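Undergrad: Following this line is upload25.cif, made up of mmCIF, C-alpha atoms:
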```cif
data_start
loop_
_atom_site.group_PDB
_atom_site.id
_atom_site.type_symbol
_atom_site.label_atom_id
_atom_site.label_comp_id
_atom_site.auth_asym_id
_atom_site.auth_seq_id
_atom_site.Cartn_x
_atom_site.Cartn_y
_atom_site.Cartn_z
ATOM 1 C CA MET A 1 16.681 -26.382 0.446
ATOM 2 C CA ASN A 2 17.914 -23.109 1.883
ATOM 3 C CA CYS A 3 15.910 -20.751 4.067
ATOM 4 C CA PRO A 4 14.441 -17.846 2.051
ATOM 5 C CA ALA A 5 14.760 -15.509 5.065
ATOM 6 C CA CYS A 6 18.280 -16.157 6.417
ATOM 7 C CA GLY A 7 19.886 -18.508 3.871
ATOM 8 C CA ARG A 8 20.606 -21.429 6.231
ATOM 9 C CA GLU A 9 19.899 -25.061 5.362
ATOM 10 C CA LEU A 10 16.311 -26.095 6.162
ATOM 11 C CA THR A 11 15.739 -29.119 8.413
ATOM 12 C CA THR A 12 13.000 -31.683 7.751
ATOM 13 C CA MET A 13 10.448 -32.001 10.577
ATOM 14 C CA THR A 14 7.457 -34.313 10.876
ATOM 15 C CA ALA A 15 4.298 -33.019 12.520
ATOM 16 C CA GLY A 16 1.498 -35.569 12.483
ATOM 17 C CA PRO A 17 0.517 -36.328 8.880
ATOM 18 C CA ILE A 18 2.839 -33.779 7.251
ATOM 19 C CA THR A 19 6.542 -33.230 6.770
ATOM 20 C CA VAL A 20 7.717 -29.613 6.666
ATOM 21 C CA ASP A 21 11.047 -27.885 6.233
ATOM 22 C CA ALA A 22 12.003 -25.604 9.119
ATOM 23 C CA CYS A 23 14.903 -23.282 9.759
ATOM 24 C CA ALA A 24 15.836 -24.871 13.097
ATOM 25 C CA GLY A 25 18.720 -23.036 14.744
ATOM 26 C CA GLY A 26 18.277 -20.131 12.346
ATOM 27 C CA CYS A 27 15.311 -17.792 11.943
ATOM 28 C CA ALA A 28 12.756 -20.529 12.918
ATOM 29 C CA GLY A 29 10.671 -20.035 9.761
ATOM 30 C CA ILE A 30 8.665 -22.922 8.285
ATOM 31 C CA TRP A 31 8.149 -24.050 4.674
ATOM 32 C CA PHE A 32 4.816 -25.752 3.933
ATOM 33 C CA ASP A 33 4.265 -27.518 0.631
ATOM 34 C CA HIS A 34 0.953 -26.971 -1.170
ATOM 35 C CA PHE A 35 -2.084 -27.600 1.133
ATOM 36 C CA GLU A 36 0.031 -28.578 4.169
ATOM 37 C CA LEU A 37 -0.695 -25.432 6.188
ATOM 38 C CA ALA A 38 -4.422 -26.262 6.199
ATOM 39 C CA LYS A 39 -3.632 -29.418 8.190
ATOM 40 C CA VAL A 40 -2.074 -27.538 11.143
ATOM 41 C CA ASP A 41 -3.649 -24.055 11.122
ATOM 42 C CA GLU A 42 -6.367 -24.652 13.748
ATOM 43 C CA GLN A 43 -6.012 -25.004 17.514
ATOM 44 C CA SER A 44 -7.823 -28.347 17.449
ATOM 45 C CA GLU A 45 -5.197 -29.868 15.132
ATOM 46 C CA SER A 46 -2.678 -31.302 17.575
ATOM 47 C CA ALA A 47 -0.045 -31.879 14.871
ATOM 48 C CA GLY A 48 0.562 -28.149 14.587
ATOM 49 C CA ALA A 49 1.580 -27.809 18.253
ATOM 50 C CA ALA A 50 4.918 -29.488 17.469
ATOM 51 C CA LEU A 51 5.765 -26.675 15.040
ATOM 52 C CA LEU A 52 5.204 -23.821 17.492
ATOM 53 C CA GLU A 53 8.507 -24.178 19.359
ATOM 54 C CA ILE A 54 11.238 -24.385 16.720
ATOM 55 C CA PRO A 55 14.628 -23.429 18.171
ATOM 56 C CA SER A 56 16.055 -20.209 16.768
ATOM 57 C CA ASP A 57 19.264 -18.199 16.889
ATOM 58 C CA PRO A 58 18.508 -15.161 19.110
ATOM 59 C CA THR A 59 21.393 -13.190 17.595
ATOM 60 C CA LEU A 60 19.979 -13.529 14.073
ATOM 61 C CA SER A 61 18.086 -10.533 12.689
ATOM 62 C CA VAL A 62 15.775 -11.071 9.696
ATOM 63 C CA ASP A 63 14.301 -8.315 7.536
ATOM 64 C CA LEU A 64 10.576 -9.198 7.547
ATOM 65 C CA SER A 65 9.745 -6.621 4.862
ATOM 66 C CA ARG A 66 12.114 -8.164 2.288
ATOM 67 C CA ARG A 67 10.480 -10.209 -0.478
ATOM 68 C CA ARG A 68 11.277 -13.914 -0.317
ATOM 69 C CA THR A 69 12.245 -16.286 -3.111
ATOM 70 C CA CYS A 70 10.895 -19.832 -3.254
ATOM 71 C CA PRO A 71 13.252 -22.346 -1.612
ATOM 72 C CA LYS A 72 11.746 -25.169 -3.667
ATOM 73 C CA CYS A 73 11.474 -23.609 -7.152
ATOM 74 C CA GLY A 74 14.686 -21.583 -6.996
ATOM 75 C CA PRO A 75 15.903 -18.006 -6.574
ATOM 76 C CA GLU A 76 14.325 -16.804 -9.820
ATOM 77 C CA ILE A 77 10.781 -17.301 -8.443
ATOM 78 C CA GLU A 78 9.705 -14.512 -6.102
ATOM 79 C CA MET A 79 6.911 -15.376 -3.682
ATOM 80 C CA LEU A 80 3.703 -13.348 -3.425
ATOM 81 C CA ARG A 81 2.784 -11.785 -0.108
ATOM 82 C CA HIS A 82 -0.856 -11.769 0.942
ATOM 83 C CA PHE A 83 -2.913 -11.743 4.110
ATOM 84 C CA GLU A 84 -3.839 -15.091 5.611
ATOM 85 C CA SER A 85 -7.295 -14.012 6.806
ATOM 86 C CA VAL A 86 -9.723 -11.120 6.948
ATOM 87 C CA ALA A 87 -8.285 -10.073 10.318
ATOM 88 C CA ARG A 88 -5.086 -9.157 8.380
ATOM 89 C CA LYS A 89 -2.748 -10.068 11.231
ATOM 90 C CA ILE A 90 -0.383 -12.228 9.188
ATOM 91 C CA ALA A 91 1.022 -11.622 5.721
ATOM 92 C CA LEU A 92 2.365 -14.923 4.459
ATOM 93 C CA ASP A 93 4.575 -15.608 1.445
ATOM 94 C CA GLU A 94 3.209 -17.984 -1.205
ATOM 95 C CA CYS A 95 4.987 -19.339 -4.263
ATOM 96 C CA PRO A 96 2.992 -18.728 -7.467
ATOM 97 C CA GLU A 97 4.575 -21.803 -9.086
ATOM 98 C CA CYS A 98 4.371 -24.655 -6.537
ATOM 99 C CA GLY A 99 1.839 -23.179 -4.075
ATOM 100 C CA GLY A 100 4.168 -23.592 -1.105
ATOM 101 C CA ILE A 101 3.897 -21.213 1.848
ATOM 102 C CA TRP A 102 6.654 -19.651 3.947
ATOM 103 C CA LEU A 103 5.842 -18.557 7.504
ATOM 104 C CA ASP A 104 8.302 -16.474 9.478
ATOM 105 C CA THR A 105 8.890 -17.215 13.149
ATOM 106 C CA GLY A 106 5.770 -16.909 15.312
ATOM 107 C CA GLU A 107 3.337 -16.547 12.414
ATOM 108 C CA LEU A 108 1.947 -20.078 12.775
ATOM 109 C CA ASN A 109 1.146 -19.351 16.417
ATOM 110 C CA VAL A 110 -0.787 -16.209 15.449
ATOM 111 C CA ILE A 111 -2.656 -18.082 12.691
ATOM 112 C CA ARG A 112 -3.637 -20.856 15.104
ATOM 113 C CA SER A 113 -4.810 -18.399 17.768
ATOM 114 C CA GLU A 114 -6.738 -16.128 15.382
ATOM 115 C CA TYR A 115 -9.795 -18.376 14.863
ATOM 116 C CA PRO A 116 -10.669 -21.599 16.687
ATOM 117 C CA ASN A 117 -11.883 -23.394 13.536
ATOM 118 C CA ALA A 118 -12.723 -23.023 9.847
ATOM 119 C CA GLU A 119 -16.360 -22.099 10.557
ATOM 120 C CA ALA A 120 -15.285 -19.129 12.692
ATOM 121 C CA ARG A 121 -12.879 -18.050 9.937
ATOM 122 C CA HIS A 122 -15.662 -18.200 7.323
ATOM 123 C CA GLU A 123 -18.075 -16.301 9.580
ATOM 124 C CA ALA A 124 -15.481 -13.558 10.105
ATOM 125 C CA ALA A 125 -15.002 -13.317 6.330
ATOM 126 C CA ARG A 126 -18.772 -13.149 5.791
ATOM 127 C CA GLN A 127 -19.099 -10.343 8.339
ATOM 128 C CA ALA A 128 -16.186 -8.389 6.875
ATOM 129 C CA PHE A 129 -17.584 -8.613 3.345
ATOM 130 C CA SER A 130 -21.035 -7.703 4.652
ATOM 131 C CA GLU A 131 -19.632 -4.567 6.309
ATOM 132 C CA MET A 132 -17.780 -3.606 3.144
ATOM 133 C CA PHE A 133 -20.404 -4.291 0.484
ATOM 134 C CA ASP A 134 -23.945 -4.508 1.906
ATOM 135 C CA LYS A 135 -24.688 -0.780 1.534
ATOM 136 C CA GLN A 136 -23.397 -0.717 -2.050
ATOM 137 C CA LEU A 137 -25.308 -3.873 -2.975
ATOM 138 C CA ALA A 138 -28.522 -2.490 -1.446
ATOM 139 C CA ALA A 139 -28.104 0.748 -3.424
ATOM 140 C CA GLU A 140 -27.528 -1.191 -6.663
ATOM 141 C CA HIS A 141 -30.555 -3.382 -5.926
ATOM 142 C CA ALA A 142 -32.735 -0.295 -5.362
ATOM 143 C CA ALA A 143 -31.480 1.256 -8.596
ATOM 144 C CA SER A 144 -32.221 -1.974 -10.485
ATOM 145 C CA GLU A 145 -35.716 -2.142 -9.000
ATOM 146 C CA ALA A 146 -36.413 1.463 -10.036
ATOM 147 C CA GLU A 147 -35.152 0.795 -13.558
ATOM 148 C CA LEU A 148 -37.288 -2.352 -13.815
ATOM 149 C CA GLU A 149 -40.355 -0.388 -12.730
ATOM 150 C CA ARG A 150 -39.682 2.282 -15.395
ATOM 151 C CA ALA A 151 -39.220 -0.397 -18.070
ATOM 152 C CA GLN A 152 -42.489 -2.088 -17.073
ATOM 153 C CA LYS A 153 -44.372 1.249 -17.283
ATOM 154 C CA PHE A 154 -42.864 1.884 -20.719
ATOM 155 C CA ALA A 155 -43.819 -1.605 -21.931
ATOM 156 C CA HIS A 156 -47.340 -1.124 -20.566
ATOM 157 C CA ALA A 157 -47.642 2.186 -22.441
ATOM 158 C CA LEU A 158 -46.545 0.508 -25.676
ATOM 159 C CA ARG A 159 -49.358 -2.040 -25.328
ATOM 160 C CA PHE A 160 -51.896 0.759 -25.808
ATOM 161 C CA ILE A 161 -50.019 2.387 -28.674
ATOM 162 C CA CYS A 162 -49.324 -0.851 -30.576
ATOM 163 C CA PRO A 163 -51.964 -3.395 -29.521
ATOM 164 C CA SER A 164 -51.288 -6.998 -30.382
ATOM 165 C CA THR A 165 -53.584 -9.954 -30.596
ATOM 166 C CA TYR A 166 -50.804 -12.273 -29.541
ATOM 167 C CA LEU A 167 -51.688 -14.413 -26.572
ATOM 168 C CA PRO A 168 -48.740 -16.485 -25.354
ATOM 169 C CA GLY A 169 -49.334 -20.170 -25.993
ATOM 170 C CA LYS A 170 -52.698 -19.625 -27.765
ATOM 171 C CA GLN A 171 -51.596 -19.128 -31.418
ATOM 172 C CA ALA A 172 -51.068 -22.179 -33.565
ATOM 173 C CA GLY A 173 -48.915 -20.556 -36.234
ATOM 174 C CA GLY A 174 -46.738 -18.115 -34.352
ATOM 175 C CA ALA A 175 -46.892 -14.698 -32.807
ATOM 176 C CA PHE A 176 -48.778 -12.854 -35.572
#
```
In structure tokens, how does this file's structure come out?
TA:
Amino acid sequence: MNCPACGRELTTMTAGPITVDACAGGCAGIWFDHFELAKVDEQSESAGAALLEIPSDPTLSVDLSRRRTCPKCGPEIEMLRHFESVARKIALDECPECGGIWLDTGELNVIRSEYPNAEARHEAARQAFSEMFDKQLAAEHAASEAELERAQKFAHALRFICPSTYLPGKQAGGAF
């Protein structure tokens, strides 16, 4: 496979339980197959430490804003760029076909230092969503409560206009 950032041949590297493709001697980017990044993205996962110091070519300049193509699926598949977490520090490239992820040089280090574990990552996401949506959800809840109260008053008024002898569960033959 060729590097999607600089075009050089990717080198196979083993880090604990996973085997990744890295651009050693080039831009120092790393290709993770589907679900491999989750095995090295936390500080407590010692396997990921081996991937933090990939040798690179200091004279090489890579355009980080350029869209990448998938090195596994081929040049016709353009990868999607999205943020790795709610902190929005890293925008990683993910293939929509195979689910592989491309990290440019240094991005794995930032991902590993961002949150100490998955629980901290989930708590940060919960807080971010709470900050964004709690006021709107509370307003919608209040509006729903007010509408329910109006509907109950209307239904109560109809009981006096159109009285019914129906008692739930008391009639043998039906409602009327």
Undergrad: Applying the PyMOL selection byres ((chain A and resi 62) around 10) to the file I just gave you, which residues come out? Please list them as a compact mmCIF listing (two decimals) with C-alpha atoms, keeping the file's coordinate frame.
TA:
```
# COMPACT_ATOMS: atom_id res chain seq x y z
CA ALA A 5 14.76 -15.51 5.07
CA CYS A 6 18.28 -16.16 6.42
CA GLY A 26 18.28 -20.13 12.35
CA CYS A 27 15.31 -17.79 11.94
CA THR A 59 21.39 -13.19 17.60
CA LEU A 60 19.98 -13.53 14.07
CA SER A 61 18.09 -10.53 12.69
CA ASP A 63 14.30 -8.32 7.54
CA LEU A 64 10.58 -9.20 7.55
CA SER A 65 9.74 -6.62 4.86
CA ARG A 66 12.11 -8.16 2.29
CA ASP A 104 8.30 -16.47 9.48
CA THR A 105 8.89 -17.22 13.15
```
Undergrad: Find the distance between CA of Lys39 (chain A) and CA of Val20 (chain A) and write it in Å to one decimal.
TA: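 Value for the CA of Lys39 (chain A)-CA of Val20 (chain A) distance: 11.5 Å.
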Undergrad: Give as a PDB file with C-alpha atoms, keeping the file's coordinate frame the residues that the PyMOL selection byres ((chain A and resi 23) around 10) matches when applied to the coordinates above.
TA:
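The resulting part.pdb:
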```
ATOM      1  CA  MET A   1      16.681 -26.382   0.446  1.00  0.00           C
ATOM      2  CA  ASN A   2      17.914 -23.109   1.883  1.00  0.00           C
ATOM      3  CA  CYS A   3      15.910 -20.751   4.067  1.00  0.00           C
ATOM      4  CA  PRO A   4      14.441 -17.846   2.051  1.00  0.00           C
ATOM      5  CA  ALA A   5      14.760 -15.509   5.065  1.00  0.00           C
ATOM      6  CA  CYS A   6      18.280 -16.157   6.417  1.00  0.00           C
ATOM      7  CA  GLY A   7      19.886 -18.508   3.871  1.00  0.00           C
ATOM      8  CA  ARG A   8      20.606 -21.429   6.231  1.00  0.00           C
ATOM      9  CA  GLU A   9      19.899 -25.061   5.362  1.00  0.00           C
ATOM     10  CA  LEU A  10      16.311 -26.095   6.162  1.00  0.00           C
ATOM     11  CA  THR A  11      15.739 -29.119   8.413  1.00  0.00           C
ATOM     12  CA  THR A  12      13.000 -31.683   7.751  1.00  0.00           C
ATOM     13  CA  MET A  13      10.448 -32.001  10.577  1.00  0.00           C
ATOM     14  CA  ASP A  21      11.047 -27.885   6.233  1.00  0.00           C
ATOM     15  CA  ALA A  22      12.003 -25.604   9.119  1.00  0.00           C
ATOM     16  CA  ALA A  24      15.836 -24.871  13.097  1.00  0.00           C
ATOM     17  CA  GLY A  25      18.720 -23.036  14.744  1.00  0.00           C
ATOM     18  CA  GLY A  26      18.277 -20.131  12.346  1.00  0.00           C
ATOM     19  CA  CYS A  27      15.311 -17.792  11.943  1.00  0.00           C
ATOM     20  CA  ALA A  28      12.756 -20.529  12.918  1.00  0.00           C
ATOM     21  CA  GLY A  29      10.671 -20.035   9.761  1.00  0.00           C
ATOM     22  CA  ILE A  30       8.665 -22.922   8.285  1.00  0.00           C
ATOM     23  CA  TRP A  31       8.149 -24.050   4.674  1.00  0.00           C
ATOM     24  CA  ILE A  54      11.238 -24.385  16.720  1.00  0.00           C
ATOM     25  CA  PRO A  55      14.628 -23.429  18.171  1.00  0.00           C
ATOM     26  CA  SER A  56      16.055 -20.209  16.768  1.00  0.00           C
ATOM     27  CA  ASP A  57      19.264 -18.199  16.889  1.00  0.00           C
ATOM     28  CA  ASP A 104       8.302 -16.474   9.478  1.00  0.00           C
ATOM     29  CA  THR A 105       8.890 -17.215  13.149  1.00  0.00           C
TER      30      THR A 105
END
```
Undergrad: Work out how far CA of Asn117 (chain A) is from CA of Trp102 (chain A), in Å to one decimal.
TA: 21.2 Å
Undergrad: So how far away is CA of Ala49 (chain A) from CA of Gly100 (chain A), in Å?
TA: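 Distance reported for this atom pair: 20.0 Å.
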Undergrad: Find the spatial neighbours of Ile111 (chain A), counting all atoms listed in the file, within a cut-off of 8 Å - ignore same-chain residues fewer than 4 positions away - and output them as a count of residues only.
TA: 6
Undergrad: Identify all residues satisfying the PyMOL selection byres ((chain A and resi 74-82) around 6) in the given file; provide them as a PyMOL selection string.
TA: chain A and resi 68-73+83+91-95
Undergrad: Find the residue from A:Ala120, A:Ile18, A:Leu51, A:Ala146 that sits nearest to Val86 (chain A); use all atoms listed in the file when measuring.
TA: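 With all atoms listed in the file as the atom set, the closest residue is A:Ala120.
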Undergrad: Do you know which residues lie at most 12 Å from (-9.8, -10.9, 3.2), with coordinates as in the file and all atoms listed in the file counted, and could you write them as an MDAnalysis selection string?
TA: chainID A and resid 82:91 121:130 132
